[in-house]
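Dropping model38.cif in here (mmCIF, C-alpha atoms and all ligand atoms):
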data_target
#
loop_
_atom_site.label_atom_id
_atom_site.label_comp_id
_atom_site.auth_asym_id
_atom_site.auth_seq_id
_atom_site.Cartn_x
_atom_site.Cartn_y
_atom_site.Cartn_z
CA MET C 1 92.87 159.43 78.32
CA ASP C 2 96.03 157.44 77.52
CA ASP C 3 99.43 159.10 77.53
CA ARG C 4 100.46 160.66 74.23
CA LEU C 5 103.95 162.10 73.95
CA LEU C 6 105.09 164.48 71.22
CA THR C 7 108.78 164.46 70.41
CA ILE C 8 110.27 167.28 68.34
CA GLN C 9 113.70 166.68 66.80
CA ASP C 10 115.35 165.93 63.46
CA ILE C 11 115.22 162.84 61.31
CA SER C 12 118.77 161.81 60.54
CA CYS C 13 117.86 159.13 58.01
CA VAL C 14 120.96 157.09 58.79
CA GLY C 15 123.13 157.29 61.90
CA GLN C 16 120.95 156.21 64.82
CA CYS C 17 120.16 159.43 66.60
CA SER C 18 117.19 161.74 67.17
CA LEU C 19 113.84 160.46 65.88
CA THR C 20 115.12 157.12 64.59
CA VAL C 21 116.01 156.40 68.24
CA ALA C 22 113.25 158.29 70.11
CA LEU C 23 110.33 156.76 68.21
CA PRO C 24 111.30 153.10 68.67
CA VAL C 25 112.59 153.51 72.23
CA ILE C 26 109.60 155.43 73.63
CA SER C 27 107.16 153.20 71.73
CA ALA C 28 108.88 150.13 73.19
CA CYS C 29 108.25 151.64 76.63
CA GLY C 30 104.55 151.34 75.81
CA ILE C 31 103.93 155.05 75.25
CA GLU C 32 102.14 156.42 72.18
CA THR C 33 104.72 158.61 70.45
CA ALA C 34 103.79 161.35 68.00
CA ILE C 35 106.59 163.10 66.12
CA LEU C 36 107.24 166.54 64.73
CA PRO C 37 110.38 166.37 62.57
CA SER C 38 112.38 169.60 62.87
CA SER C 39 114.54 168.81 59.83
CA VAL C 40 115.57 165.91 57.61
CA LEU C 41 119.26 165.06 57.17
CA SER C 42 120.76 162.27 55.09
CA ASN C 43 122.84 161.34 58.18
CA HIS C 44 124.00 163.00 61.37
CA THR C 45 126.64 165.73 61.41
CA ALA C 46 129.11 164.18 63.85
CA PRO C 47 132.61 163.10 62.82
CA GLY C 48 132.77 160.06 60.58
CA PHE C 49 130.51 161.16 57.75
CA SER C 50 132.09 163.53 55.20
CA GLY C 51 128.94 165.65 54.69
CA TRP C 52 125.16 165.62 54.82
CA THR C 53 122.00 167.00 53.24
CA PHE C 54 119.81 169.24 55.39
CA THR C 55 116.17 170.21 54.84
CA ASP C 56 114.75 172.60 57.40
CA LEU C 57 111.08 171.98 58.26
CA THR C 58 110.36 175.15 60.30
CA GLN C 59 107.86 176.38 57.73
CA ASP C 60 105.66 173.30 58.28
CA MET C 61 105.30 173.94 62.00
CA PRO C 62 102.51 176.59 61.98
CA ALA C 63 100.42 174.64 59.46
CA ILE C 64 100.83 171.41 61.41
CA LEU C 65 99.81 173.16 64.64
CA ASP C 66 96.82 174.65 62.87
CA ARG C 67 95.68 171.18 61.73
CA TRP C 68 96.21 169.68 65.17
CA LEU C 69 94.10 172.42 66.76
CA LYS C 70 91.31 171.79 64.24
CA GLU C 71 91.52 168.06 65.05
CA LYS C 72 91.60 168.80 68.81
CA ILE C 73 94.84 166.85 69.20
CA SER C 74 96.52 167.16 72.59
CA PHE C 75 99.55 165.74 74.36
CA ASN C 76 100.39 165.09 77.98
CA ALA C 77 104.14 164.98 77.40
CA PHE C 78 106.66 166.72 75.19
CA TYR C 79 110.27 165.79 74.58
CA THR C 80 112.39 168.13 72.50
CA GLY C 81 115.85 167.40 71.08
CA TYR C 82 117.83 168.72 68.09
CA VAL C 83 116.00 171.87 66.94
CA SER C 84 117.07 175.21 65.47
CA LYS C 85 116.99 178.66 67.06
CA ALA C 86 114.17 179.79 64.74
CA GLN C 87 112.04 176.81 65.80
CA ILE C 88 112.03 177.56 69.53
CA PRO C 89 109.20 180.17 69.45
CA TYR C 90 107.06 177.76 67.38
CA ILE C 91 107.79 174.91 69.79
CA LEU C 92 106.74 177.06 72.77
CA GLU C 93 103.51 177.88 70.96
CA ILE C 94 102.86 174.23 70.07
CA ILE C 95 103.39 173.20 73.70
CA SER C 96 101.18 175.93 75.11
CA LYS C 97 98.33 175.26 72.66
CA THR C 98 98.30 171.44 72.67
CA ARG C 99 99.23 170.63 76.28
CA ARG C 100 96.79 168.84 78.54
CA ASP C 101 96.54 169.86 82.20
CA GLY C 102 99.53 168.59 84.15
CA SER C 103 101.54 167.73 81.06
CA LEU C 104 105.26 167.11 81.28
CA VAL C 105 107.87 169.01 79.24
CA ILE C 106 111.23 167.26 78.87
CA VAL C 107 113.93 169.30 77.14
CA ASP C 108 117.21 167.84 75.96
CA PRO C 109 119.08 171.05 75.04
CA VAL C 110 120.94 169.32 72.20
CA MET C 111 123.65 171.63 70.86
CA ALA C 112 127.10 170.39 71.81
CA ASP C 113 129.36 167.67 73.19
CA ASN C 114 133.00 167.23 74.19
CA GLY C 115 133.44 170.97 74.68
CA LYS C 116 132.25 171.93 71.17
CA MET C 117 129.04 173.14 69.53
CA TYR C 118 127.63 170.83 66.84
CA ALA C 119 127.96 171.98 63.21
CA GLY C 120 125.37 174.63 62.34
CA PHE C 121 124.70 175.95 65.87
CA GLY C 122 125.62 179.60 66.44
CA GLU C 123 126.88 181.21 69.62
CA ASP C 124 123.45 182.79 70.13
CA PHE C 125 121.72 179.40 70.30
CA PRO C 126 122.09 178.83 74.09
CA GLU C 127 120.31 182.13 74.83
CA GLU C 128 117.28 181.03 72.79
CA MET C 129 117.39 177.51 74.24
CA LYS C 130 117.08 179.05 77.71
CA LYS C 131 113.48 180.01 76.80
CA LEU C 132 112.63 176.34 76.29
CA VAL C 133 114.51 175.41 79.48
CA LYS C 134 112.51 178.01 81.43
CA ASN C 135 109.26 176.32 80.35
CA SER C 136 110.37 172.76 81.12
CA ASP C 137 109.79 170.21 83.86
CA VAL C 138 113.06 168.36 83.25
CA ILE C 139 116.22 169.20 81.31
CA LEU C 140 118.84 166.66 80.29
CA PRO C 141 122.04 168.50 79.31
CA ASN C 142 125.49 166.97 79.09
CA ILE C 143 128.32 168.92 80.75
CA THR C 144 129.22 170.76 77.53
CA GLU C 145 125.62 171.90 77.02
CA ALA C 146 125.38 172.93 80.69
CA SER C 147 128.56 175.02 80.33
CA PHE C 148 127.17 176.78 77.23
CA LEU C 149 123.80 177.43 78.90
CA LEU C 150 125.50 178.89 81.97
CA GLY C 151 128.41 180.62 80.26
CA VAL C 152 130.94 178.80 82.46
CA PRO C 153 134.12 177.08 81.28
CA TYR C 154 133.87 173.47 80.11
CA LYS C 155 136.15 171.23 82.16
CA THR C 156 137.14 167.59 81.80
CA GLU C 157 138.72 167.48 85.27
CA TYR C 158 136.42 168.75 88.00
CA ASP C 159 135.14 168.14 91.51
CA ARG C 160 131.69 167.92 93.09
CA THR C 161 131.52 171.68 93.53
CA TYR C 162 131.77 172.23 89.75
CA ILE C 163 128.91 169.76 89.13
CA GLU C 164 126.73 170.92 92.00
CA ASP C 165 127.13 174.60 91.07
CA MET C 166 126.08 173.62 87.55
CA LEU C 167 122.98 171.82 88.83
CA LYS C 168 121.97 174.85 90.88
CA GLY C 169 122.71 177.28 88.03
CA LEU C 170 120.62 175.21 85.60
CA TYR C 171 117.76 174.95 88.09
CA ALA C 172 117.84 178.74 88.45
CA LEU C 173 117.08 179.00 84.69
CA GLY C 174 113.51 178.03 85.60
CA THR C 175 113.25 174.28 85.02
CA LYS C 176 111.82 172.07 87.78
CA ASN C 177 114.36 169.24 87.56
CA VAL C 178 117.87 168.86 86.18
CA VAL C 179 119.49 165.61 85.06
CA LEU C 180 123.11 166.31 84.16
CA THR C 181 124.66 163.51 82.09
CA GLY C 182 128.24 162.38 81.56
CA VAL C 183 129.37 163.04 85.14
CA SER C 184 132.52 161.24 86.24
CA PHE C 185 134.59 161.59 89.44
CA GLU C 186 136.44 158.28 89.08
CA ALA C 187 138.17 156.97 85.96
CA ASP C 188 136.09 153.77 85.75
CA LYS C 189 132.67 155.24 86.59
CA LEU C 190 130.31 157.41 84.56
CA GLY C 191 126.92 158.66 85.58
CA ILE C 192 124.35 161.35 86.11
CA ALA C 193 123.52 163.95 88.72
CA CYS C 194 119.89 164.88 89.48
CA TYR C 195 118.58 168.00 91.21
CA ASP C 196 114.95 168.82 91.93
CA GLY C 197 115.63 172.07 93.77
CA LYS C 198 115.90 170.24 97.11
CA LYS C 199 118.30 167.34 96.94
CA ILE C 200 121.20 166.32 94.72
CA GLU C 201 121.44 162.63 93.85
CA TYR C 202 123.93 160.67 91.76
CA TYR C 203 123.87 157.39 89.88
CA PHE C 204 126.97 155.78 88.38
CA THR C 205 127.54 152.88 86.01
CA GLU C 206 130.76 151.31 84.80
CA LYS C 207 132.57 153.56 82.31
CA LEU C 208 133.19 151.71 79.06
CA PRO C 209 136.38 152.65 77.22
CA VAL C 210 134.55 153.93 74.14
CA SER C 211 132.62 157.01 73.11
CA VAL C 212 129.72 156.27 70.78
CA HIS C 213 127.60 158.82 68.94
CA GLY C 214 123.87 158.96 69.67
CA THR C 215 124.03 157.78 73.27
CA GLY C 216 122.58 161.11 74.43
CA ASP C 217 119.44 160.52 72.36
CA ALA C 218 119.13 156.90 73.53
CA TYR C 219 119.50 158.19 77.09
CA SER C 220 116.88 160.95 76.85
CA SER C 221 114.40 158.69 75.02
CA ALA C 222 114.65 155.93 77.63
CA PHE C 223 114.42 158.55 80.38
CA ALA C 224 111.22 159.98 78.87
CA GLY C 225 109.73 156.49 78.48
CA ALA C 226 110.57 155.53 82.07
CA LEU C 227 109.23 158.77 83.53
CA LEU C 228 105.94 158.34 81.67
CA ARG C 229 105.75 154.78 82.93
CA GLY C 230 105.61 156.23 86.43
CA LYS C 231 109.22 155.84 87.56
CA SER C 232 110.71 158.56 89.75
CA LEU C 233 113.23 161.09 88.45
CA LEU C 234 116.23 159.18 89.86
CA GLU C 235 114.85 155.77 88.83
CA SER C 236 114.22 157.02 85.28
CA ALA C 237 117.68 158.59 85.12
CA SER C 238 119.26 155.34 86.39
CA ILE C 239 117.29 153.02 84.09
CA ALA C 240 118.26 155.21 81.11
CA ALA C 241 121.94 155.08 82.12
CA ASP C 242 121.86 151.28 82.41
CA PHE C 243 120.07 151.05 79.02
CA VAL C 244 122.84 153.09 77.38
CA VAL C 245 125.52 150.86 78.92
CA GLU C 246 123.69 147.77 77.61
CA SER C 247 123.37 149.39 74.17
CA ILE C 248 127.09 150.21 74.05
CA LYS C 249 127.98 146.64 75.10
CA LYS C 250 125.87 145.33 72.21
CA THR C 251 127.77 147.64 69.83
CA GLN C 252 131.33 146.97 70.96
CA GLY C 253 133.54 144.90 68.69
CA ASP C 254 131.79 145.78 65.42
CA PRO C 255 133.97 148.27 63.49
CA ASP C 256 131.29 148.59 60.77
CA HIS C 257 128.93 150.11 63.32
CA TRP C 258 130.95 153.25 64.15
CA TYR C 259 128.13 155.79 63.65
CA GLY C 260 125.77 154.95 66.53
CA VAL C 261 124.65 152.46 69.16
CA LYS C 262 122.82 149.20 68.59
CA PHE C 263 120.09 150.24 71.02
CA GLU C 264 117.62 147.81 69.37
CA LYS C 265 119.46 144.89 70.96
CA ALA C 266 119.03 146.45 74.41
CA LEU C 267 115.27 147.11 74.12
CA PRO C 268 114.29 143.81 75.81
CA TYR C 269 116.51 144.85 78.75
CA LEU C 270 114.82 148.28 78.94
CA ILE C 271 111.33 146.76 78.83
CA SER C 272 112.22 144.27 81.57
CA ARG C 273 113.43 147.12 83.82
CA LEU C 274 110.19 149.04 83.27
CA ASP C 275 108.05 146.04 84.12
CA LYS C 276 109.72 145.60 87.54
O1 LIG V 1 122.66 163.27 68.78
C1 LIG V 1 122.58 164.62 68.60
C2 LIG V 1 122.38 164.95 67.15
C3 LIG V 1 121.12 164.97 66.62
N1 LIG V 1 120.89 165.24 65.33
C4 LIG V 1 121.89 165.52 64.49
C5 LIG V 1 123.21 165.51 64.95
C6 LIG V 1 123.46 165.24 66.31
C7 LIG V 1 124.83 165.26 66.82
O2 LIG V 1 125.78 165.43 66.15
O3 LIG V 1 124.20 165.76 64.09
C8 LIG V 1 121.61 165.83 63.06
#

Produce C-alpha cells that represent the structure in this file.
Ligand code: PXL
Amino acid sequence: MDDRLLTIQDISCVGQCSLTVALPVISACGIETAILPSSVLSNHTAPGFSGWTFTDLTQDMPAILDRWLKEKISFNAFYTGYVSKAQIPYILEIISKTRRDGSLVIVDPVMADNGKMYAGFGEDFPEEMKKLVKNSDVILPNITEASFLLGVPYKTEYDRTYIEDMLKGLYALGTKNVVLTGVSFEADKLGIACYDGKKIEYYFTEKLPVSVHGTGDAYSSAFAGALLRGKSLLESASIAADFVVESIKKTQGDPDHWYGVKFEKALPYLISRLDK
C-alpha cells in the first residue's frame, strides 16, 4: 500500500501557514496528503493583520471519523499542527482508529513563538498537548513551545546545557524523537537539535537577518515529507532547515509579502534534495 499521510491543522485562507503550506509541500514531496481542517480562519492571527474570522470545526471530527471507518480509510502517517485543546482527544481517537501498523505520528505542538502564546491559546493548553506528545514518534517544537511544555523559563541567551536539558525533558514526555527548532549558539547561525534518546545531533544554517511568519509550518511540512521519503531523522531535519532558508531568500526584498514565506519558489530545491 502506498503512503498516505493525514495532516490535521487549520486552514488560514490567506497568510501562508498551516494547511495552505502543508498540503502543497508534502504533495510536492510525492506523498499522498489527506487533510482534516481543525478550523477555518480568514487569515492567520500573527501580528500584521488587524483581526480574523474563526470557525471551529471540532464538531465535524467524530462524523468524519465515522465515515472514514465505514470506508475503511487508513493512514500510515499523521502530522498535527495548529489544533485546539478540545480537539486533542478526538485527534488521539482518529489516530488510534485509522493508523496502519508501524505508522508514524509527527506532532508539531503549535502554540507559541518568541516567548509568547499565540492568540486564543490558554495556559492549560500545554498540559493537553502533552497527551499528543506522549503518543508521538517525533515532535517539532520551537524553543518557546518547549519551554511551555516543560514549564521552564524561555531564554533568548542560553548555552548547550539549556538546549540539551530541554531535549531530554521533552523526550521524557514520551515521544521517541525530538527535533528542537530555532537553536542558535552563534549570532550568524541558526539550526536544530535532534535527540532520539541516545545521541544529540545539531544542524546549522546561515541565520538570515529577518523573521518571517509561517516558517515553522514550512519546516514541519518539509520534515514530514522528507521522513516519509525515507530520509533519516537528522537528514530530514537538515533538508527542512535548508528548504526554509531557501524560502526566506525567495521572500526577501518584497515588502508586499510580509505575512509569510514564498515557499512555492523553493519547492524545486526541496524536490531536488529528496531525489539525491
Ligand atoms: O504558523 C502557526 C499558526 C498556524 N495557524 C494560525 C496561526 C499561526 C501562528 O500565528 O495564527 C491560525

Counting only C-alpha atoms and all ligand atoms, what residues are within 9 Å of ligand LIG 1 (chain V), given as a VMD selection string?
-> chain C and resid 9 to 12 15 to 19 39 to 47 52 54 81 to 83 110 to 113 118 to 119 213 to 218

Residues from the last selection, C-alpha atoms, saved as a compact mmCIF listing (two decimals), keeping the file's coordinate frame:
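And here is the file that came out, out13.txt:
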# COMPACT_ATOMS: atom_id res chain seq x y z
CA GLN C 9 113.70 166.68 66.80
CA ASP C 10 115.35 165.93 63.46
CA ILE C 11 115.22 162.84 61.31
CA SER C 12 118.77 161.81 60.54
CA GLY C 15 123.13 157.29 61.90
CA GLN C 16 120.95 156.21 64.82
CA CYS C 17 120.16 159.43 66.60
CA SER C 18 117.19 161.74 67.17
CA LEU C 19 113.84 160.46 65.88
CA SER C 39 114.54 168.81 59.83
CA VAL C 40 115.57 165.91 57.61
CA LEU C 41 119.26 165.06 57.17
CA SER C 42 120.76 162.27 55.09
CA ASN C 43 122.84 161.34 58.18
CA HIS C 44 124.00 163.00 61.37
CA THR C 45 126.64 165.73 61.41
CA ALA C 46 129.11 164.18 63.85
CA PRO C 47 132.61 163.10 62.82
CA TRP C 52 125.16 165.62 54.82
CA PHE C 54 119.81 169.24 55.39
CA GLY C 81 115.85 167.40 71.08
CA TYR C 82 117.83 168.72 68.09
CA VAL C 83 116.00 171.87 66.94
CA VAL C 110 120.94 169.32 72.20
CA MET C 111 123.65 171.63 70.86
CA ALA C 112 127.10 170.39 71.81
CA ASP C 113 129.36 167.67 73.19
CA TYR C 118 127.63 170.83 66.84
CA ALA C 119 127.96 171.98 63.21
CA HIS C 213 127.60 158.82 68.94
CA GLY C 214 123.87 158.96 69.67
CA THR C 215 124.03 157.78 73.27
CA GLY C 216 122.58 161.11 74.43
CA ASP C 217 119.44 160.52 72.36
CA ALA C 218 119.13 156.90 73.53

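Among the candidates C:Ile64, C:Ala86, C:Ile139, C:Val178, the one nearest to Ile106 of chain C when counting only C-alpha atoms is C:Ile139.
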
Mind pulling up the distance from atom CA of Thr58 of chain C to atom CA of Leu36 of chain C?
->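 We find that atom CA of Leu36 of chain C and atom CA of Thr58 of chain C lie 10.2 Å from each other.
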
Give me the box for segment 124-142 of chain C as AutoDock Vina command-line options, namely the centre and edge lengths in Å to one decimal of a box along x, y and z that holds every listed atom plus 5 Å on each side.
--center_x 117.4 --center_y 174.7 --center_z 77.0 --size_x 26.2 --size_y 26.1 --size_z 23.7

So which one's closest to Lys265 of chain C, C:Ala241, C:Val107, C:Tyr202, C:Pro24? Using only C-alpha atoms, please.
->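 Closest to Lys265 of chain C, using only C-alpha atoms: C:Pro24.
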
What is the distance between atom CA of Asn177 of chain C and atom CA of Tyr195 of chain C, in Å to one decimal?
-> 5.7 Å

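Candidate residues C:Met1, C:Leu274, C:Val261, C:Ala224 were compared for distance to Leu104 of chain C, and the nearest is C:Ala224, using all atoms listed in the file.
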
Test item: which residues lie within 10 Å of (97.1, 167.7, 67.4) counting all atoms listed in the file, as a ChimeraX atom specification = /C:6,34,64-75,94,97-99

Compare C:Glu93, C:Asp108, C:Asp56, C:Asp2 by their minimum atom-to-atom distance to Ser221 of chain C, counting all atoms listed in the file, and give me the closest one.
-> C:Asp108

For Tyr219 of chain C, please output as a PyMOL selection string all residues within 12 Å (counting only C-alpha atoms; exclusion window: fewer than 2 positions along the same chain).
-> chain C and resi 17-18+21-22+25-26+81+108+140-142+179-182+191-192+213-217+221-226+236-248+261+263+270

Counting only C-alpha atoms, write as number ranges by chain all protein and nucleic acid residues lying at most 12 Å from (128.3, 179.8, 78.4) in the file's frame.
-> C: 112, 115-117, 123-127, 129-130, 143-154, 166, 169-170

Just give me the gap between atom CA of Gly174 of chain C and atom CA of Asp60 of chain C in Å, one decimal is fine.
->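 Rounded to one decimal, the two atoms are 28.8 Å apart.
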
Go through C:Cys194, C:Leu23, C:Ile91, C:Val14 one by one, measure the shortest atom-to-atom distance of each to Ser232 of chain C using all atoms listed in the file, and give the residue with the smallest value.
->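 Of the candidates, the smallest distance to Ser232 of chain C is held by C:Cys194.
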
From the list C:Arg160, C:Tyr203, C:Glu186, C:Pro89, which residue is nearest Asn135 of chain C when using only C-alpha atoms?
->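 That would be C:Pro89, the residue with the smallest distance to Asn135 of chain C.
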